[in-house]
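Asker: If it helps, the file is called upload_0.tsv and holds TSV, C-alpha atoms:
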```tsv
chain	number	residue	atom	x	y	z
A	1	MET	CA	71.15	109.10	92.86
A	2	ILE	CA	73.49	112.05	92.94
A	3	ASN	CA	77.02	111.94	91.55
A	4	LEU	CA	79.55	114.74	91.42
A	5	THR	CA	81.55	115.90	88.43
A	6	ILE	CA	85.01	117.46	88.54
A	7	ASN	CA	85.64	120.03	85.81
A	8	ASN	CA	88.04	122.80	84.81
A	9	LEU	CA	90.95	121.41	86.81
A	10	SER	CA	93.86	123.85	86.93
A	11	HIS	CA	96.86	124.36	89.11
A	12	PHE	CA	99.56	126.88	89.87
A	13	MET	CA	102.94	125.92	91.30
A	14	GLY	CA	105.22	128.09	93.42
A	15	SER	CA	107.53	130.03	91.09
A	16	ASN	CA	110.87	128.71	92.27
A	17	LYS	CA	111.54	125.31	90.75
A	18	LYS	CA	114.42	123.62	92.52
A	19	SER	CA	116.35	120.50	91.71
A	20	CYS	CA	116.60	118.39	94.88
A	21	SER	CA	120.14	117.39	93.98
A	22	ALA	CA	121.10	121.09	94.24
A	23	PHE	CA	120.27	121.14	97.98
A	24	ILE	CA	123.73	119.75	98.50
A	25	LYS	CA	125.14	123.23	97.79
A	26	SER	CA	123.63	124.71	100.94
A	27	ASN	CA	123.83	121.46	102.93
A	28	PRO	CA	127.03	119.62	101.87
A	29	GLU	CA	126.45	116.84	104.43
A	30	TRP	CA	123.17	115.75	102.79
A	31	LYS	CA	123.53	112.58	100.73
A	32	MET	CA	121.05	113.71	98.11
A	33	LYS	CA	121.57	110.77	95.74
A	34	GLU	CA	120.40	108.41	98.46
A	35	VAL	CA	117.60	110.75	99.54
A	36	ILE	CA	116.28	111.05	95.97
A	37	LYS	CA	116.52	107.28	95.55
A	38	LYS	CA	114.09	106.92	98.46
A	39	THR	CA	111.78	109.88	97.88
A	40	GLY	CA	111.85	109.59	94.08
A	41	ILE	CA	111.44	113.37	94.02
A	42	ASN	CA	113.76	115.18	91.63
A	43	TYR	CA	112.21	118.64	91.73
A	44	ILE	CA	110.24	120.70	94.19
A	45	TYR	CA	108.56	124.10	93.80
A	46	GLU	CA	108.92	126.82	96.40
A	47	SER	CA	106.70	129.87	96.48
A	48	ASN	CA	108.39	133.26	96.33
A	49	LYS	CA	107.87	136.04	98.90
A	50	LYS	CA	104.80	137.38	97.12
A	51	GLU	CA	103.16	133.98	96.71
A	52	ASP	CA	101.09	132.90	99.69
A	53	VAL	CA	98.15	130.48	99.77
A	54	LEU	CA	95.77	133.25	98.75
A	55	GLU	CA	97.87	134.29	95.76
A	56	LEU	CA	98.43	130.70	94.56
A	57	SER	CA	94.71	129.98	95.03
A	58	TYR	CA	93.79	133.12	93.12
A	59	ARG	CA	96.13	132.31	90.23
A	60	SER	CA	94.86	128.76	89.95
A	61	SER	CA	91.18	129.70	90.37
A	62	SER	CA	91.46	132.40	87.72
A	63	LYS	CA	92.47	129.69	85.24
A	64	THR	CA	89.62	127.44	86.40
A	65	LEU	CA	87.06	130.21	86.04
A	66	LYS	CA	88.22	131.33	82.57
A	67	SER	CA	85.75	128.98	80.91
A	68	PHE	CA	83.07	128.81	83.58
A	69	ASP	CA	80.27	131.25	84.26
A	70	LYS	CA	81.19	132.84	87.62
A	71	LYS	CA	77.53	133.56	88.33
A	72	LYS	CA	76.88	129.83	88.63
A	73	ILE	CA	79.35	129.39	91.50
A	74	ASP	CA	77.33	129.07	94.71
A	75	SER	CA	80.10	127.93	97.06
A	76	ILE	CA	83.86	128.04	97.64
A	77	ILE	CA	85.84	125.59	99.70
A	78	VAL	CA	89.55	126.09	100.29
A	79	VAL	CA	91.49	123.20	101.74
A	80	THR	CA	94.58	124.57	103.46
A	81	GLN	CA	96.67	124.42	106.61
A	82	THR	CA	99.03	127.22	105.74
A	83	ALA	CA	96.62	130.13	105.37
A	84	ILE	CA	98.05	133.65	105.42
A	85	SER	CA	96.48	134.20	108.82
A	86	LYS	CA	94.37	132.25	111.30
A	87	LEU	CA	91.44	134.49	110.46
A	88	PRO	CA	89.59	135.26	108.26
A	89	SER	CA	89.34	132.16	106.11
A	90	VAL	CA	91.03	132.15	102.70
A	91	SER	CA	87.74	131.26	101.02
A	92	CYS	CA	86.14	134.54	102.15
A	93	ILE	CA	89.01	136.66	100.83
A	94	LEU	CA	89.03	134.63	97.62
A	95	GLN	CA	85.32	135.31	97.07
A	96	ASP	CA	86.11	139.01	96.95
A	97	LYS	CA	89.35	138.72	95.00
A	98	LEU	CA	87.70	136.61	92.31
A	99	LYS	CA	84.69	138.93	92.26
A	100	LEU	CA	82.24	136.11	92.82
A	101	HIS	CA	78.74	137.05	93.88
A	102	LYS	CA	78.10	137.44	97.59
A	103	ASN	CA	75.20	135.06	98.03
A	104	ILE	CA	77.63	132.21	98.42
A	105	ILE	CA	78.82	129.58	100.90
A	106	ALA	CA	82.52	130.00	101.72
A	107	PHE	CA	84.65	128.14	104.23
A	108	ASP	CA	88.05	126.51	104.66
A	109	ILE	CA	88.81	122.92	105.53
A	110	ASN	CA	91.80	122.54	107.81
A	111	LEU	CA	93.25	119.30	106.50
A	112	GLY	CA	96.34	118.26	104.58
A	113	CYS	CA	96.80	115.32	102.27
A	114	SER	CA	93.36	113.79	102.93
A	115	GLY	CA	91.69	117.17	102.34
A	116	PHE	CA	90.63	116.81	98.71
A	117	VAL	CA	88.67	113.62	99.41
A	118	TYR	CA	87.14	115.21	102.53
A	119	ALA	CA	86.02	118.18	100.43
A	120	LEU	CA	84.41	115.85	97.88
A	121	ALA	CA	82.55	114.05	100.67
A	122	THR	CA	81.38	117.36	102.15
A	123	LEU	CA	80.18	118.52	98.75
A	124	HIS	CA	78.42	115.29	97.99
A	125	SER	CA	76.39	115.68	101.17
A	126	PHE	CA	75.69	119.33	100.20
A	127	PHE	CA	74.45	118.14	96.81
A	128	LEU	CA	72.21	115.54	98.43
A	129	SER	CA	70.66	118.21	100.62
A	130	ASN	CA	70.32	120.72	97.75
A	131	MET	CA	72.65	123.20	99.47
A	132	THR	CA	74.82	123.82	96.42
A	133	LYS	CA	75.17	122.95	92.73
A	134	ASN	CA	78.54	124.30	91.61
A	135	THR	CA	81.48	124.70	93.94
A	136	LEU	CA	84.88	126.21	93.38
A	137	LEU	CA	87.15	123.81	95.24
A	138	VAL	CA	90.73	124.92	95.91
A	139	CYS	CA	93.49	122.92	97.59
A	140	SER	CA	96.58	124.93	98.43
A	141	ASP	CA	99.51	124.89	100.80
A	142	THR	CA	102.88	126.59	101.13
A	143	TYR	CA	104.71	124.19	103.41
A	144	THR	CA	108.12	125.37	102.23
A	145	LYS	CA	107.57	128.73	103.97
A	146	PHE	CA	107.50	126.81	107.25
A	147	LEU	CA	110.62	124.67	106.81
A	148	GLU	CA	113.95	125.27	108.46
A	149	HIS	CA	116.77	125.27	105.93
A	150	ASN	CA	118.32	122.17	107.55
A	151	ASN	CA	115.07	120.12	107.60
A	152	ARG	CA	116.19	117.54	105.07
A	153	THR	CA	113.20	115.24	105.57
A	154	CYS	CA	110.72	117.91	104.50
A	155	LYS	CA	112.85	120.15	102.25
A	156	SER	CA	113.39	117.42	99.70
A	157	VAL	CA	109.74	116.37	99.64
A	158	PHE	CA	107.22	119.22	99.87
A	159	SER	CA	106.21	121.67	97.15
A	160	ASP	CA	104.00	124.77	97.21
A	161	SER	CA	101.01	124.87	94.91
A	162	ALA	CA	97.31	125.42	94.46
A	163	SER	CA	94.91	123.25	92.53
A	164	SER	CA	91.38	124.31	91.71
A	165	CYS	CA	88.34	122.86	90.01
A	166	ILE	CA	84.58	123.10	89.75
A	167	ILE	CA	82.66	120.35	91.53
A	168	SER	CA	79.11	120.08	90.21
A	169	LYS	CA	76.04	118.14	91.13
A	170	LYS	CA	74.85	115.55	88.62
A	171	LYS	CA	71.87	113.21	88.63
A	172	SER	CA	73.18	109.76	87.88
A	173	ASN	CA	72.71	106.06	88.48
A	174	PHE	CA	75.97	106.18	90.48
A	175	SER	CA	76.67	107.66	93.87
A	176	PRO	CA	80.25	108.01	95.20
A	177	LYS	CA	81.16	106.23	98.42
A	178	PHE	CA	83.70	107.35	100.97
A	179	ASN	CA	85.76	105.87	103.76
A	180	PHE	CA	87.62	107.75	106.49
A	181	PHE	CA	90.17	107.11	109.23
A	182	THR	CA	91.61	109.36	111.93
A	183	ASP	CA	94.27	108.66	114.54
A	184	GLY	CA	95.04	111.76	116.57
A	185	SER	CA	97.57	109.84	118.67
A	186	GLY	CA	99.93	110.49	115.75
A	187	SER	CA	99.26	114.23	115.67
A	188	LYS	CA	102.82	114.97	116.78
A	189	ASP	CA	104.26	113.05	113.83
A	190	LEU	CA	103.54	115.91	111.43
A	191	LEU	CA	102.88	119.28	112.95
A	192	GLU	CA	103.66	122.98	112.98
A	193	LYS	CA	105.57	124.08	116.07
A	194	ASN	CA	106.87	127.61	116.64
A	195	ASN	CA	106.08	128.42	113.02
A	196	PHE	CA	108.04	125.47	111.63
A	197	ILE	CA	106.75	122.20	110.21
A	198	GLU	CA	108.28	119.05	111.62
A	199	MET	CA	107.68	115.51	110.43
A	200	ASN	CA	108.59	112.13	111.83
A	201	GLY	CA	108.72	110.49	108.41
A	202	SER	CA	108.93	106.92	109.64
A	203	SER	CA	105.89	107.29	111.94
A	204	VAL	CA	103.80	108.76	109.12
A	205	PHE	CA	105.06	105.97	106.87
A	206	LEU	CA	104.02	103.31	109.39
A	207	PHE	CA	100.59	104.92	109.82
A	208	THR	CA	100.11	104.92	106.07
A	209	ILE	CA	101.13	101.36	105.34
A	210	LYS	CA	99.07	100.04	108.25
A	211	THR	CA	95.95	102.16	107.68
A	212	ILE	CA	95.54	102.50	103.94
A	213	PRO	CA	95.31	98.80	102.99
A	214	LYS	CA	92.42	98.24	105.40
A	215	LEU	CA	90.64	101.44	104.39
A	216	PHE	CA	91.18	100.58	100.73
A	217	LYS	CA	89.84	97.04	101.03
A	218	ASP	CA	86.83	98.17	103.07
A	219	LEU	CA	85.95	100.73	100.41
A	220	LEU	CA	86.21	98.21	97.60
A	221	LYS	CA	83.95	95.88	99.61
A	222	LYS	CA	81.45	98.69	100.27
A	223	ASN	CA	81.26	99.28	96.51
A	224	LYS	CA	81.20	95.56	95.68
A	225	LEU	CA	84.29	96.11	93.58
A	226	GLU	CA	87.58	94.35	93.05
A	227	ILE	CA	90.86	95.91	91.98
A	228	LYS	CA	90.23	94.80	88.40
A	229	ASP	CA	86.99	96.85	88.33
A	230	VAL	CA	88.78	100.13	89.10
A	231	ASP	CA	90.35	101.84	86.07
A	232	HIS	CA	92.62	104.31	87.84
A	233	PHE	CA	94.10	104.53	91.32
A	234	ILE	CA	95.04	108.07	92.26
A	235	PHE	CA	96.86	108.17	95.58
A	236	HIS	CA	98.21	111.19	97.42
A	237	GLN	CA	101.71	111.70	96.02
A	238	ALA	CA	103.62	111.32	99.27
A	239	SER	CA	106.91	109.90	97.99
A	240	LYS	CA	108.31	106.87	96.17
A	241	VAL	CA	109.02	104.82	99.29
A	242	VAL	CA	105.41	105.16	100.49
A	243	LEU	CA	103.71	104.64	97.14
A	244	ASP	CA	105.90	101.68	96.12
A	245	LYS	CA	105.12	99.94	99.39
A	246	LEU	CA	101.37	100.58	99.12
A	247	ARG	CA	101.18	99.47	95.51
A	248	ALA	CA	103.11	96.29	96.26
A	249	ASP	CA	101.05	95.47	99.37
A	250	LEU	CA	97.75	96.12	97.61
A	251	LYS	CA	98.84	94.35	94.43
A	252	ILE	CA	97.67	97.18	92.19
A	253	PRO	CA	98.86	96.82	88.58
A	254	SER	CA	101.39	99.55	87.76
A	255	LYS	CA	99.41	100.55	84.63
A	256	LYS	CA	96.53	101.66	86.83
A	257	PHE	CA	98.62	103.26	89.57
A	258	HIS	CA	99.62	106.78	88.61
A	259	SER	CA	102.28	109.12	89.91
A	260	ASN	CA	103.89	112.48	89.23
A	261	TYR	CA	105.80	113.08	92.48
A	262	ASN	CA	109.14	112.76	90.70
A	263	LEU	CA	108.64	116.02	88.84
A	264	ILE	CA	106.64	118.17	91.26
A	265	GLY	CA	107.11	116.74	94.75
A	266	ASN	CA	104.48	116.29	97.45
A	267	THR	CA	101.92	119.08	97.12
A	268	THR	CA	99.84	117.93	100.13
A	269	SER	CA	96.08	118.32	99.51
A	270	ALA	CA	96.66	119.44	95.91
A	271	SER	CA	98.49	116.28	94.89
A	272	ILE	CA	95.39	114.24	93.97
A	273	PRO	CA	93.69	116.94	91.85
A	274	ILE	CA	96.98	117.90	90.14
A	275	LEU	CA	97.52	114.27	89.14
A	276	LEU	CA	93.89	114.00	88.07
A	277	GLU	CA	94.36	117.06	85.86
A	278	GLU	CA	97.40	115.47	84.24
A	279	LEU	CA	95.56	112.21	83.53
A	280	ILE	CA	92.68	114.09	81.94
A	281	ARG	CA	95.05	116.16	79.83
A	282	LYS	CA	96.70	112.94	78.65
A	283	ARG	CA	93.21	111.52	77.92
A	284	LYS	CA	93.82	108.54	80.18
A	285	ILE	CA	90.57	109.05	82.07
A	286	LYS	CA	87.55	108.43	79.91
A	287	LYS	CA	83.83	108.86	80.42
A	288	ASN	CA	82.48	106.30	82.89
A	289	SER	CA	85.97	105.40	84.15
A	290	THR	CA	85.95	104.21	87.74
A	291	LEU	CA	88.47	106.03	89.91
A	292	MET	CA	89.70	105.45	93.40
A	293	LEU	CA	91.18	108.46	95.20
A	294	VAL	CA	93.20	107.93	98.36
A	295	GLY	CA	94.52	110.71	100.61
A	296	PHE	CA	96.54	110.32	103.81
A	297	GLY	CA	98.85	112.26	106.07
A	298	VAL	CA	98.80	115.01	108.70
A	299	GLY	CA	96.28	114.44	111.50
A	300	LEU	CA	96.96	111.64	111.18
A	301	SER	CA	94.11	111.42	108.74
A	302	ALA	CA	93.12	109.30	105.77
A	303	ALA	CA	90.21	109.32	103.35
A	304	CYS	CA	89.38	107.48	100.17
A	305	CYS	CA	86.53	107.34	97.68
A	306	VAL	CA	85.33	105.62	94.56
A	307	LEU	CA	84.07	107.91	91.81
A	308	ARG	CA	82.62	107.37	88.40
A	309	TRP	CA	83.92	109.91	85.90
A	310	GLU	CA	80.93	111.54	84.20
B	1	MET	CA	111.72	84.86	113.09
B	2	LEU	CA	113.16	86.26	116.33
B	3	LEU	CA	115.97	88.78	116.12
B	4	SER	CA	119.21	88.77	118.07
B	5	LYS	CA	121.47	91.65	119.04
B	6	LYS	CA	123.81	90.58	116.24
B	7	SER	CA	121.08	90.63	113.59
B	8	VAL	CA	119.73	94.01	114.76
B	9	ILE	CA	123.22	95.52	114.57
B	10	ALA	CA	123.80	93.93	111.14
B	11	SER	CA	120.50	95.36	109.85
B	12	VAL	CA	121.30	98.84	111.13
B	13	CYS	CA	124.84	98.69	109.65
B	14	LYS	CA	123.46	97.56	106.29
B	15	ALA	CA	120.80	100.28	106.27
B	16	LEU	CA	123.22	103.04	107.22
B	17	LYS	CA	126.07	101.64	105.10
B	18	ILE	CA	128.49	101.79	108.00
B	19	LYS	CA	130.74	99.08	109.35
B	20	LYS	CA	130.71	99.47	113.10
B	21	ILE	CA	128.06	100.39	115.63
B	22	ASN	CA	127.34	99.43	119.21
B	23	MET	CA	124.43	99.36	121.64
B	24	ASN	CA	124.75	103.09	122.27
B	25	SER	CA	124.61	104.05	118.61
B	26	GLY	CA	121.61	106.05	117.51
B	27	SER	CA	120.36	109.09	115.67
B	28	GLU	CA	122.01	111.35	118.24
B	29	ASN	CA	125.53	110.16	117.53
B	30	ILE	CA	125.31	108.93	113.92
B	31	ASP	CA	124.72	111.78	111.46
B	32	SER	CA	123.32	109.59	108.72
B	33	TRP	CA	120.65	108.10	111.05
B	34	ASP	CA	117.83	110.45	110.10
B	35	SER	CA	114.16	109.78	109.41
B	36	LEU	CA	114.80	108.44	105.91
B	37	ALA	CA	117.52	106.16	107.26
B	38	GLN	CA	115.05	105.08	109.95
B	39	LEU	CA	112.76	103.84	107.17
B	40	THR	CA	115.59	101.84	105.65
B	41	ILE	CA	116.42	100.34	109.06
B	42	LEU	CA	112.78	99.38	109.59
B	43	SER	CA	112.60	97.86	106.09
B	44	GLU	CA	115.70	95.77	106.84
B	45	LEU	CA	114.26	94.57	110.13
B	46	ASP	CA	110.88	93.96	108.48
B	47	LYS	CA	112.48	91.67	105.90
B	48	LYS	CA	114.08	89.64	108.70
B	49	THR	CA	110.82	89.27	110.63
B	50	ASN	CA	108.62	88.44	107.63
B	51	GLY	CA	106.68	91.69	107.77
B	52	LYS	CA	106.12	91.90	111.53
B	53	ILE	CA	108.09	95.08	112.18
B	54	PHE	CA	105.73	97.44	110.38
B	55	ASN	CA	102.95	96.35	112.72
B	56	ILE	CA	104.76	97.63	115.81
B	57	HIS	CA	103.64	101.20	116.43
B	58	ASP	CA	106.51	102.21	118.75
B	59	ILE	CA	109.24	101.06	116.38
B	60	SER	CA	109.20	104.29	114.36
B	61	ARG	CA	110.32	106.21	117.45
B	62	ALA	CA	113.07	103.75	118.34
B	63	THR	CA	116.05	105.71	117.09
B	64	SER	CA	118.92	103.86	118.73
B	65	VAL	CA	120.07	100.25	118.81
B	66	LYS	CA	119.12	100.07	122.48
B	67	ASP	CA	115.62	101.40	121.82
B	68	ILE	CA	115.05	99.06	118.89
B	69	ILE	CA	115.96	96.07	121.04
B	70	LYS	CA	113.68	97.34	123.83
B	71	VAL	CA	110.74	97.59	121.41
B	72	LEU	CA	111.51	94.18	119.88
B	73	LYS	CA	111.60	92.63	123.35
B	74	LYS	CA	108.20	94.16	124.16
B	75	ALA	CA	106.80	92.82	120.88
B	76	LYS	CA	108.30	89.39	121.62
B	77	LEU	CA	110.43	89.48	118.50
B	78	TYR	CA	113.78	89.30	120.31
B	79	LYS	CA	115.59	86.26	121.51
```
For this file, write the structure as structure tokens.
Answerer:
Amino acid sequence: MINLTINNLSHFMGSNKKSCSAFIKSNPEWKMKEVIKKTGINYIYESNKKEDVLELSYRSSSKTLKSFDKKKIDSIIVVTQTAISKLPSVSCILQDKLKLHKNIIAFDINLGCSGFVYALATLHSFFLSNMTKNTLLVCSDTYTKFLEHNNRTCKSVFSDSASSCIISKKKSNFSPKFNFFTDGSGSKDLLEKNNFIEMNGSSVFLFTIKTIPKLFKDLLKKNKLEIKDVDHFIFHQASKVVLDKLRADLKIPSKKFHSNYNLIGNTTSASIPILLEELIRKRKIKKNSTLMLVGFGVGLSAACCVLRWE
Amino acid sequence: MLLSKKSVIASVCKALKIKKINMNSGSENIDSWDSLAQLTILSELDKKTNGKIFNIHDISRATSVKDIIKVLKKAKLYK
């Protein structure tokens, strides 16, 4: 069987760290105490004028590649929905900027919060078909560049960042399994319109709490696992209200259910790998740990997978 | 449990922390009724219906008392 390994996780946040409670200065009518109570998000990071998806991706990838032989990279995938332009893809520009060799697969995946899991699934199928061995995977978005100053729902939630890592092929007695869900009827609930992002928070919330439990249980069943068999649950860091509801509904023990949204906000597709990086740094994830990753959001789209950490 | 006009109004008042609203109240005329407040309203209604509210797709777009009652009627959760 073929497993995948995730190494050299790094990230780079937008340079402007902002306290959500300070939004009240520019928007005195916002009841930020109540907003923060619901979102659980105390700080967000906004990119500055010079920081776009390409720059954040470059900064993060440079850290990832510091201790990895560039010559071994045979593919780049960038997950983004806020690329600097519609064409060309960020991955192609990044290949050149990082001075990676040219005999390489490079493409972008246009997905948000489910994007990291989608990329892992894509890569796993590449590994099975011997297309690639070592991929530079980057997840990056700069939502805050597309928010109107009075968009309280989004302003106090989203952060700009890039996360990068090397996904490698590994022969193993374990093979990851994936589960997906798409409901385009909710496409208007989170979208970019006239260059601004708009979100109907309650519709996305309803989609999440209805969809994820079924997807989650189906995946456990597919893997013949129960909650007690999974060591770590790493969900997309949407916000407190969403994650509290999911954890309660799914009856996941709090010790196994990780979060970091309070300090960095919702970083869309980068939220799962950034949290993963933190757990590795804190040595919480050990060799052979079983992980469940769950992404959900814009699309509306959801994806989850069970991995064994090797 | 089926909801009445009185219990819908009470739930909305509790969620928005305001004392008085009427059938015409909604996000267009109450400043604090935004998408986060909508979640609180839905949570309040969900508690009263033993978890049935979150299964109604249209409820997230019901942003006035009148609309909520309309959706509840359609879902047969209104008496």
Asker: Could you list the residues in chain A lying within 9 Å of chain B, using all atoms listed in the file, and format the result as an mmCIF file with C-alpha atoms, keeping the file's coordinate frame?
Answerer:
```cif
data_model
loop_
_atom_site.group_PDB
_atom_site.id
_atom_site.type_symbol
_atom_site.label_atom_id
_atom_site.label_comp_id
_atom_site.auth_asym_id
_atom_site.auth_seq_id
_atom_site.Cartn_x
_atom_site.Cartn_y
_atom_site.Cartn_z
ATOM 1 C CA GLU A 29 126.450 116.840 104.430
ATOM 2 C CA TRP A 30 123.170 115.750 102.790
ATOM 3 C CA LYS A 31 123.530 112.580 100.730
ATOM 4 C CA VAL A 35 117.600 110.750 99.540
ATOM 5 C CA LYS A 38 114.090 106.920 98.460
ATOM 6 C CA THR A 39 111.780 109.880 97.880
ATOM 7 C CA ARG A 152 116.190 117.540 105.070
ATOM 8 C CA THR A 153 113.200 115.240 105.570
ATOM 9 C CA MET A 199 107.680 115.510 110.430
ATOM 10 C CA ASN A 200 108.590 112.130 111.830
ATOM 11 C CA GLY A 201 108.720 110.490 108.410
ATOM 12 C CA SER A 202 108.930 106.920 109.640
ATOM 13 C CA SER A 203 105.890 107.290 111.940
ATOM 14 C CA VAL A 204 103.800 108.760 109.120
ATOM 15 C CA PHE A 205 105.060 105.970 106.870
ATOM 16 C CA LEU A 206 104.020 103.310 109.390
ATOM 17 C CA PHE A 207 100.590 104.920 109.820
ATOM 18 C CA ILE A 209 101.130 101.360 105.340
ATOM 19 C CA LYS A 210 99.070 100.040 108.250
ATOM 20 C CA VAL A 241 109.020 104.820 99.290
#
```
Asker: So, counting only C-alpha atoms, which residue among B:Thr49, B:Tyr78, B:Lys14, B:Val8 is closest to Ser64 of chain B?
Answerer: B:Val8
Asker: In Å, how far is it from atom CA of Gly186 of chain A to atom CA of Val306 of chain A?
Answerer: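 Those two atoms sit 26.2 Å apart.
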Asker: Using Å and a single decimal, report how far atom CA of Pro253 of chain A sits from atom CA of Asp229 of chain A.
Answerer: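 That distance, rounded to one decimal, is 11.9 Å.
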Asker: Atom CA of Gly14 of chain A and atom CA of Pro28 of chain A are how many Å apart?
Answerer: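 According to the coordinates, atom CA of Gly14 of chain A and atom CA of Pro28 of chain A are separated by 24.9 Å.
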Asker: Counting only C-alpha atoms, find the residues whose atoms lie at most 7 Å from (80.9, 129.6, 98.8) (file coordinates) and write them out as a list in words.
Answerer: Asp74, Ser75, Ile76, Ile77, Ile104, Ile105, Ala106, Phe107 and Thr135 of chain A
Asker: Which residues come within 10 Å of Phe180 of chain A, counting only C-alpha atoms, excluding same-chain residues fewer than 4 positions away, as a list in words?
Answerer: Ser114, Val117, Tyr118, Ala121, Ile212, Leu215, Phe216, Leu219, Val294, Gly295, Phe296, Ser301, Ala302, Ala303, Cys304 and Cys305 of chain A
Asker: Taking only C-alpha atoms into account, which of A:Leu263, A:Lys217, A:Asn173, A:Leu293 comes nearest Met1 of chain A?
Answerer: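 For Met1 of chain A, the nearest of the given residues is A:Asn173.
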Asker: Determine, counting only C-alpha atoms, which protein, DNA and RNA residues have an atom within 9 Å of an atom of Leu72 of chain B; residues of the same chain fewer than 2 positions away are not included. Present the result as an mmCIF file with C-alpha atoms, keeping the file's coordinate frame.
Answerer:
```
data_model
loop_
_atom_site.group_PDB
_atom_site.id
_atom_site.type_symbol
_atom_site.label_atom_id
_atom_site.label_comp_id
_atom_site.auth_asym_id
_atom_site.auth_seq_id
_atom_site.Cartn_x
_atom_site.Cartn_y
_atom_site.Cartn_z
ATOM 1 C CA LEU B 2 113.160 86.260 116.330
ATOM 2 C CA LEU B 3 115.970 88.780 116.120
ATOM 3 C CA ILE B 53 108.090 95.080 112.180
ATOM 4 C CA ILE B 56 104.760 97.630 115.810
ATOM 5 C CA ILE B 59 109.240 101.060 116.380
ATOM 6 C CA ASP B 67 115.620 101.400 121.820
ATOM 7 C CA ILE B 68 115.050 99.060 118.890
ATOM 8 C CA ILE B 69 115.960 96.070 121.040
ATOM 9 C CA LYS B 70 113.680 97.340 123.830
ATOM 10 C CA LYS B 74 108.200 94.160 124.160
ATOM 11 C CA ALA B 75 106.800 92.820 120.880
ATOM 12 C CA LYS B 76 108.300 89.390 121.620
ATOM 13 C CA LEU B 77 110.430 89.480 118.500
ATOM 14 C CA TYR B 78 113.780 89.300 120.310
#
```
Asker: Which residue, A:Pro213, A:Pro273, A:Gly265, A:Gly297, has the smallest gap to Ser156 of chain A when you use all atoms listed in the file?
Answerer: A:Gly265
Asker: Could you check which of A:Asn151, A:Thr80, A:Asn42, A:Ser26 is closest to Tyr261 of chain A, using only C-alpha atoms?
Answerer: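 Looking at the shortest contact to Tyr261 of chain A, the residue is A:Asn42.
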Asker: Please, can segment 227-240 of chain A be completed to N, CA and C atoms and returned as a compact mmCIF listing (two decimals), in the coordinates of the input?
Answerer:
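out-v5.txt, written as the output of this step:
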```txt
# COMPACT_ATOMS: atom_id res chain seq x y z
N ILE A 227 89.85 95.04 92.59
CA ILE A 227 90.86 95.91 91.98
C ILE A 227 90.70 95.97 90.46
N LYS A 228 90.36 94.83 89.87
CA LYS A 228 90.23 94.80 88.40
C LYS A 228 89.08 95.70 87.89
N ASP A 229 88.12 96.01 88.75
CA ASP A 229 86.99 96.85 88.33
C ASP A 229 87.32 98.35 88.34
N VAL A 230 88.41 98.70 89.00
CA VAL A 230 88.78 100.13 89.10
C VAL A 230 89.77 100.44 87.97
N ASP A 231 89.49 101.51 87.22
CA ASP A 231 90.35 101.84 86.07
C ASP A 231 91.61 102.60 86.48
N HIS A 232 91.47 103.48 87.46
CA HIS A 232 92.62 104.31 87.84
C HIS A 232 92.68 104.49 89.36
N PHE A 233 93.86 104.29 89.89
CA PHE A 233 94.10 104.53 91.32
C PHE A 233 94.92 105.80 91.45
N ILE A 234 94.35 106.79 92.13
CA ILE A 234 95.04 108.07 92.26
C ILE A 234 95.27 108.32 93.75
N PHE A 235 96.49 108.04 94.17
CA PHE A 235 96.86 108.17 95.58
C PHE A 235 97.54 109.53 95.81
N HIS A 236 97.43 110.01 97.03
CA HIS A 236 98.21 111.19 97.42
C HIS A 236 99.68 110.92 97.11
N GLN A 237 100.33 111.89 96.49
CA GLN A 237 101.71 111.70 96.02
C GLN A 237 102.71 112.00 97.14
N ALA A 238 102.78 111.10 98.10
CA ALA A 238 103.62 111.32 99.27
C ALA A 238 105.10 111.25 98.90
N SER A 239 105.52 110.10 98.45
CA SER A 239 106.91 109.90 97.99
C SER A 239 107.01 108.47 97.46
N LYS A 240 108.12 108.19 96.81
CA LYS A 240 108.31 106.87 96.17
C LYS A 240 108.23 105.73 97.20
```
